[in-house]
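Just model-v3.csv here, CSV, C-alpha atoms:
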```
chain,number,residue,atom,x,y,z
A,1,MET,CA,-16.5,-15.6,0.9
A,2,ALA,CA,-16.0,-15.9,4.6
A,3,ASN,CA,-12.9,-13.7,4.5
A,4,GLY,CA,-14.9,-11.1,2.6
A,5,LEU,CA,-17.7,-11.1,5.1
A,6,ASN,CA,-15.2,-10.8,8.0
A,7,SER,CA,-13.5,-7.9,6.4
A,8,PHE,CA,-16.9,-6.2,5.8
A,9,PHE,CA,-18.0,-6.6,9.4
A,10,ARG,CA,-14.6,-5.3,10.7
A,11,GLU,CA,-15.1,-2.3,8.5
A,12,LEU,CA,-18.6,-1.8,9.9
A,13,LYS,CA,-17.2,-1.9,13.4
A,14,ARG,CA,-14.3,0.5,12.6
A,15,ARG,CA,-16.7,3.0,11.1
A,16,LYS,CA,-19.1,2.6,14.0
A,17,VAL,CA,-22.0,1.8,11.6
A,18,LEU,CA,-23.5,-0.9,13.8
A,19,ARG,CA,-23.5,1.3,16.9
A,20,THR,CA,-25.2,4.1,15.0
A,21,CYS,CA,-27.8,1.8,13.5
A,22,VAL,CA,-28.7,0.4,16.9
A,23,LEU,CA,-29.0,3.9,18.3
A,24,TYR,CA,-31.3,4.8,15.4
A,25,VAL,CA,-33.6,1.8,16.1
A,26,VAL,CA,-33.7,2.7,19.8
A,27,LEU,CA,-34.6,6.3,19.0
A,28,CYS,CA,-37.3,5.3,16.6
A,29,TRP,CA,-38.8,2.9,19.1
A,30,GLY,CA,-38.8,5.6,21.7
A,31,ALA,CA,-40.5,8.0,19.3
A,32,LEU,CA,-43.3,5.4,18.7
A,33,GLN,CA,-43.8,5.0,22.4
A,34,VAL,CA,-44.0,8.7,23.0
A,35,GLY,CA,-46.4,9.0,20.0
A,36,ASP,CA,-48.7,6.4,21.5
A,37,ILE,CA,-49.1,8.8,24.4
A,38,LEU,CA,-49.2,12.2,22.7
A,39,PHE,CA,-51.3,11.4,19.6
A,40,PRO,CA,-54.5,10.7,21.5
A,41,ALA,CA,-53.9,13.8,23.7
A,42,LEU,CA,-53.5,15.9,20.6
A,43,GLY,CA,-56.6,14.5,18.9
A,44,ILE,CA,-54.5,12.7,16.2
A,45,ASP,CA,-55.5,9.3,14.9
A,46,ASP,CA,-53.2,7.1,16.9
A,47,GLU,CA,-53.1,4.2,14.5
A,48,LEU,CA,-52.6,6.2,11.4
A,49,ALA,CA,-49.9,8.5,12.9
A,50,SER,CA,-48.0,5.5,14.3
A,51,ARG,CA,-48.1,3.8,10.9
A,52,TYR,CA,-46.7,6.9,9.2
A,53,LEU,CA,-44.0,7.2,11.8
A,54,LEU,CA,-43.0,3.6,11.4
A,55,VAL,CA,-42.8,3.9,7.6
A,56,GLY,CA,-40.7,7.0,8.0
A,57,ALA,CA,-38.4,5.2,10.4
A,58,VAL,CA,-38.0,2.3,7.9
A,59,LEU,CA,-37.3,4.6,5.0
A,60,GLY,CA,-34.8,6.6,7.0
A,61,PHE,CA,-32.7,3.5,8.0
A,62,PRO,CA,-30.8,3.2,4.7
A,63,LEU,CA,-30.0,6.9,4.8
A,64,THR,CA,-28.7,6.6,8.4
A,65,PHE,CA,-26.6,3.6,7.4
A,66,ALA,CA,-25.0,5.5,4.5
A,67,LEU,CA,-24.3,8.6,6.6
A,68,ALA,CA,-22.8,6.4,9.3
A,69,TRP,CA,-20.5,4.8,6.7
A,70,PHE,CA,-19.1,8.0,5.4
A,71,PHE,CA,-19.2,10.3,8.5
A,72,GLN,CA,-18.7,10.3,12.2
A,73,ILE,CA,-19.7,12.6,15.0
A,74,THR,CA,-16.7,13.7,17.0
A,75,PRO,CA,-16.0,16.4,19.6
A,76,GLN,CA,-14.7,18.5,16.6
A,77,GLY,CA,-18.0,18.1,14.8
A,78,ILE,CA,-19.1,15.8,11.9
A,79,VAL,CA,-16.0,14.5,10.1
A,80,LYS,CA,-15.5,12.2,7.1
A,81,THR,CA,-14.4,8.7,8.1
A,82,PRO,CA,-10.9,7.8,6.8
A,83,SER,CA,-11.1,5.3,4.1
A,84,PHE,CA,-9.8,1.7,4.4
A,85,VAL,CA,-7.0,2.6,1.9
A,86,GLU,CA,-5.5,5.2,4.1
A,87,ARG,CA,-5.6,2.9,7.0
A,88,ARG,CA,-3.8,0.1,5.2
A,89,VAL,CA,-1.1,2.4,3.8
A,90,LEU,CA,0.0,3.0,7.4
A,91,SER,CA,0.8,-0.7,7.8
A,92,ASN,CA,3.6,-0.5,5.3
A,93,ILE,CA,7.3,-0.4,6.1
A,94,LYS,CA,8.3,3.2,6.6
A,95,PRO,CA,8.9,4.9,3.2
A,96,ILE,CA,12.2,6.8,2.7
A,97,ASN,CA,10.5,9.6,0.9
A,98,ASP,CA,6.9,10.8,0.4
A,99,ARG,CA,6.0,13.2,-2.4
A,100,ARG,CA,2.3,12.5,-2.7
A,101,SER,CA,1.4,16.0,-1.7
A,102,LYS,CA,3.7,17.6,-4.3
A,103,ALA,CA,2.7,18.3,-7.9
A,104,VAL,CA,5.7,16.5,-9.4
A,105,SER,CA,6.2,13.3,-11.2
A,106,THR,CA,6.0,10.2,-9.0
A,107,TYR,CA,9.3,8.9,-10.4
A,108,PHE,CA,11.9,8.6,-7.6
A,109,ARG,CA,14.3,11.5,-7.9
A,110,ARG,CA,17.9,10.6,-8.1
A,111,GLY,CA,20.4,12.3,-5.8
A,112,GLU,CA,18.3,12.2,-2.6
A,113,ASP,CA,20.6,11.1,0.2
A,114,HIS,CA,19.8,7.6,1.5
A,115,PRO,CA,23.2,5.9,1.3
A,116,GLU,CA,22.2,3.0,3.6
A,117,PHE,CA,19.9,1.6,0.9
A,118,HIS,CA,21.5,-0.2,-2.0
A,119,TRP,CA,18.1,-1.1,-3.6
A,120,VAL,CA,15.1,1.2,-3.7
A,121,LEU,CA,11.6,0.4,-4.8
A,122,SER,CA,9.4,3.4,-6.0
A,123,ALA,CA,5.7,3.3,-6.7
A,124,GLU,CA,4.7,5.1,-9.9
A,125,THR,CA,1.0,4.3,-10.0
A,126,GLY,CA,-1.7,3.1,-7.6
A,127,PRO,CA,-2.4,3.9,-3.9
A,128,LEU,CA,1.3,4.1,-3.0
A,129,ALA,CA,2.3,6.4,-5.9
A,130,GLY,CA,4.9,8.9,-4.7
A,131,LEU,CA,6.3,6.6,-2.0
A,132,SER,CA,9.7,4.9,-2.2
A,133,PHE,CA,10.9,2.0,0.0
A,134,GLY,CA,14.4,0.9,0.9
A,135,VAL,CA,14.9,-2.8,0.5
A,136,THR,CA,17.3,-4.3,3.0
A,137,ARG,CA,15.6,-7.6,3.9
A,138,PRO,CA,13.0,-10.0,2.4
A,139,ILE,CA,9.7,-8.0,1.8
A,140,THR,CA,6.3,-9.3,1.0
A,141,MET,CA,4.0,-7.3,-1.2
A,142,GLY,CA,0.2,-7.8,-1.5
A,143,ARG,CA,-3.2,-6.8,-0.4
A,144,ALA,CA,-3.1,-8.4,3.1
A,145,LEU,CA,-2.6,-6.2,6.2
A,146,ASP,CA,0.4,-8.2,7.3
A,147,CYS,CA,2.4,-7.6,4.1
A,148,ASP,CA,5.4,-5.3,4.4
A,149,VAL,CA,4.1,-3.3,1.5
A,150,ALA,CA,0.3,-3.3,1.4
A,151,VAL,CA,-1.0,-2.5,-2.1
A,152,VAL,CA,-4.7,-1.9,-1.9
A,153,SER,CA,-6.1,-2.9,-5.2
A,154,PRO,CA,-8.7,-5.5,-6.3
A,155,HIS,CA,-6.2,-6.8,-8.9
A,156,VAL,CA,-3.5,-7.5,-6.3
A,157,SER,CA,-3.5,-10.8,-4.4
A,158,ARG,CA,-3.4,-11.0,-0.6
A,159,THR,CA,0.3,-12.1,-0.8
A,160,HIS,CA,1.3,-11.3,-4.3
A,161,ALA,CA,5.1,-11.3,-4.5
A,162,ARG,CA,8.2,-11.3,-2.4
A,163,LEU,CA,11.5,-9.3,-2.8
A,164,ASP,CA,14.7,-10.8,-1.5
A,165,ILE,CA,18.3,-9.8,-1.4
A,166,GLU,CA,21.1,-12.3,-1.9
A,167,SER,CA,24.8,-11.3,-2.3
A,168,ASP,CA,23.7,-7.6,-3.0
A,169,LEU,CA,21.5,-8.9,-5.8
A,170,LEU,CA,17.7,-8.2,-5.7
A,171,PHE,CA,15.3,-11.0,-6.7
A,172,ILE,CA,11.5,-11.1,-7.0
A,173,GLU,CA,9.3,-14.1,-6.8
A,174,ASP,CA,5.6,-14.4,-7.6
A,175,LEU,CA,3.7,-16.1,-4.7
A,176,GLY,CA,1.0,-17.7,-6.8
A,177,SER,CA,-0.9,-14.4,-7.5
A,178,SER,CA,-4.1,-14.4,-9.6
A,179,ASN,CA,-2.9,-11.8,-12.1
A,180,GLY,CA,0.8,-12.6,-12.0
A,181,THR,CA,3.9,-10.4,-11.6
A,182,VAL,CA,5.3,-8.7,-14.7
A,183,VAL,CA,8.8,-7.4,-15.1
A,184,ASN,CA,9.6,-5.3,-18.1
A,185,GLY,CA,6.5,-6.6,-19.9
A,186,LYS,CA,7.2,-10.3,-19.3
A,187,VAL,CA,5.5,-12.5,-16.8
A,188,VAL,CA,7.8,-13.8,-14.0
A,189,GLN,CA,8.1,-17.5,-13.7
A,190,GLY,CA,9.7,-18.5,-10.4
A,191,ARG,CA,12.5,-16.4,-8.9
A,192,HIS,CA,13.7,-13.6,-11.1
A,193,ARG,CA,16.6,-11.3,-10.7
A,194,LEU,CA,15.9,-7.5,-10.9
A,195,HIS,CA,18.2,-4.8,-12.3
A,196,ASN,CA,18.4,-1.1,-12.1
A,197,GLU,CA,15.5,0.7,-13.9
A,198,ASP,CA,13.4,-2.5,-14.1
A,199,GLU,CA,9.7,-2.0,-14.1
A,200,VAL,CA,7.6,-4.3,-11.8
A,201,ARG,CA,3.9,-4.4,-12.5
A,202,PHE,CA,1.0,-6.0,-10.6
A,203,HIS,CA,-1.8,-5.6,-13.2
A,204,ASP,CA,-2.1,-1.8,-13.3
A,205,ILE,CA,0.2,-1.1,-10.3
A,206,ILE,CA,3.7,-0.1,-11.4
A,207,PHE,CA,6.9,0.0,-9.3
A,208,ARG,CA,10.4,1.1,-10.4
A,209,VAL,CA,13.6,-0.5,-9.2
A,210,GLU,CA,16.7,1.6,-8.5
A,211,GLU,CA,20.1,0.2,-7.7
A,212,ARG,CA,22.4,2.6,-5.9
A,213,ILE,CA,26.1,2.1,-6.3
A,214,THR,CA,27.9,3.2,-3.1
A,215,GLY,CA,31.4,4.6,-3.2
A,216,ASN,CA,33.1,1.4,-2.0
A,217,ARG,CA,31.1,-0.6,-4.5
A,218,ALA,CA,32.0,1.7,-7.4
A,219,GLU,CA,35.7,1.6,-6.4
A,220,HIS,CA,35.7,-2.2,-6.2
A,221,ASP,CA,34.1,-2.4,-9.6
A,222,ALA,CA,36.6,0.0,-11.1
A,223,LEU,CA,39.6,-1.9,-9.6
A,224,SER,CA,38.3,-5.2,-11.0
A,225,MET,CA,38.3,-3.7,-14.5
A,226,THR,CA,41.8,-2.1,-14.2
A,227,THR,CA,44.8,-3.6,-16.0
A,228,PHE,CA,48.1,-3.3,-14.1
A,229,ILE,CA,51.4,-3.2,-16.0
A,230,ASP,CA,54.7,-4.3,-14.3
A,231,SER,CA,57.0,-1.4,-15.0
A,232,THR,CA,60.0,-3.2,-13.5
A,233,ARG,CA,60.1,-5.6,-16.4
A,234,SER,CA,59.5,-3.2,-19.2
A,235,GLY,CA,63.1,-2.0,-19.1
A,236,THR,CA,64.7,-5.4,-19.5
A,237,GLU,CA,62.3,-7.2,-21.9
A,238,GLY,CA,63.0,-6.5,-25.6
A,239,GLY,CA,66.1,-4.3,-24.9
A,240,LYS,CA,69.8,-4.6,-24.1
A,241,GLY,CA,71.1,-4.9,-20.6
A,242,PRO,CA,73.4,-2.3,-19.0
A,243,ASN,CA,77.0,-1.9,-20.4
A,244,ARG,CA,79.7,-3.4,-18.3
```
As structure tokens, the full file:
Amino acid sequence: MANGLNSFFRELKRRKVLRTCVLYVVLCWGALQVGDILFPALGIDDELASRYLLVGAVLGFPLTFALAWFFQITPQGIVKTPSFVERRVLSNIKPINDRRSKAVSTYFRRGEDHPEFHWVLSAETGPLAGLSFGVTRPITMGRALDCDVAVVSPHVSRTHARLDIESDLLFIEDLGSSNGTVVNGKVVQGRHRLHNEDEVRFHDIIFRVEERITGNRAEHDALSMTTFIDSTRSGTEGGKGPNR
């Protein structure tokens, strides 16, 4: 409850709502003071006019609050205030590709050159859809601002899950989230190893895991599966030796 109120007041401050409302109250108070002087001079009922002006100021306060929440007055004119979602996305680790503005599938396209990343996490749905992140170190995922990948959704916990790499293997661990972490349709219990093409889901938020096999890794795996034949022994085993 306290965290929610603190977040709300921080957002009011960021959108300059409090400042606008204070300015509105000051302007209304000034208008009442001027009215007290002008109404008698103009032959208007001072008490009735002041009452109407006060009612109008009270009724206009919610409208002023709403306009201050969504819009700001800048040197360039009246502009819409960036939403909290856009602000939080900027706190993420830098994505390795961004296709949010393109009218294509949000699935990470293979073949894009990022050889330094062995593991790639791509967002398919939610506020990060179209972004892909290279995983090279432990990464926390959740709704909190201090997470490495901030996922703005009411169904995602503040610190929802953690990704970790150990011996070139990728693991995910749920951090006691409210709605759980699901991998390929199954709820994760404890630390869980991820594989290429795995689907990671936080309620309705879907990520896709991609493992990139580098040239050295592929060559090492090929050699480990190769059977060597000693050709120096093939001529002597099962045959006759040279004639004397």
Quiz item: Of the candidates A:Ala57, A:Ala123, A:Leu169, A:Leu175, which one gets nearest to A:Asp204 if we count all atoms listed in the file?
Solution: A:Ala123
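You will find atom CA of A:Pro95 at 4.8 Å from atom CA of A:Phe133.
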Quiz item: Interatomic distance between atom CA of A:Ser177 and atom CA of A:Ser157?
Solution: 5.4 Å
Quiz item: For A:Thr125, which of A:Gln72, A:Thr159, A:Ser167, A:Ser153 is the closest residue, counting all atoms listed in the file?
Solution: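 That would be A:Ser153, the residue with the smallest distance to A:Thr125.
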Quiz item: From the set A:Val17, A:Val188, A:Leu32, A:Ile165, which residue has the shortest atom-to-atom contact distance to A:Phe71, counting only C-alpha atoms?
Solution: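 So, comparing all the options, the nearest one is A:Val17.
Proximity ranking of A:Val34, A:Leu145, A:Leu121, A:Val182 relative to A:Asn196 places A:Leu121 first, based on all atoms listed in the file.
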Exercise. Could you check how far atom CA of A:Pro127 sits from atom CA of A:Ala150, in Å to one decimal?
Key: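 Separating atom CA of A:Pro127 from atom CA of A:Ala150 is a distance of 9.3 Å.
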Quiz prompt | A:Ile206 environment, 10 Å, all atoms listed in the file, sequence neighbours closer than 5 positions dropped, as number ranges by chain | solution = A: 122-126, 128-129, 182-183, 199-201
Quiz item: Neighbours of A:His155 within 10 Å (all atoms listed in the file; same-chain residues fewer than 6 positions away dropped), as a list of chain:residue names?
Solution: A:Gly142, A:Arg143, A:Ser177, A:Ser178, A:Asn179, A:Gly180, A:Phe202, A:His203, A:Asp204, A:Ile205
With C-alpha atoms retained, could you export that selection as a tab-separated table (two decimals), in the coordinates of the input?
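Wrote result_0.tsv, looks like this:
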```
chain	number	residue	atom	x	y	z
A	142	GLY	CA	0.20	-7.80	-1.50
A	143	ARG	CA	-3.20	-6.80	-0.40
A	177	SER	CA	-0.90	-14.40	-7.50
A	178	SER	CA	-4.10	-14.40	-9.60
A	179	ASN	CA	-2.90	-11.80	-12.10
A	180	GLY	CA	0.80	-12.60	-12.00
A	202	PHE	CA	1.00	-6.00	-10.60
A	203	HIS	CA	-1.80	-5.60	-13.20
A	204	ASP	CA	-2.10	-1.80	-13.30
A	205	ILE	CA	0.20	-1.10	-10.30
```
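Closest approach to A:Gly35 among A:Leu194, A:Leu54, A:Leu18, A:Ile139: A:Leu54, based on all atoms listed in the file.
Among the candidates A:Leu67, A:Val149, A:Ala49, A:Leu42, the one nearest to A:Ile93 when counting only C-alpha atoms is A:Val149.
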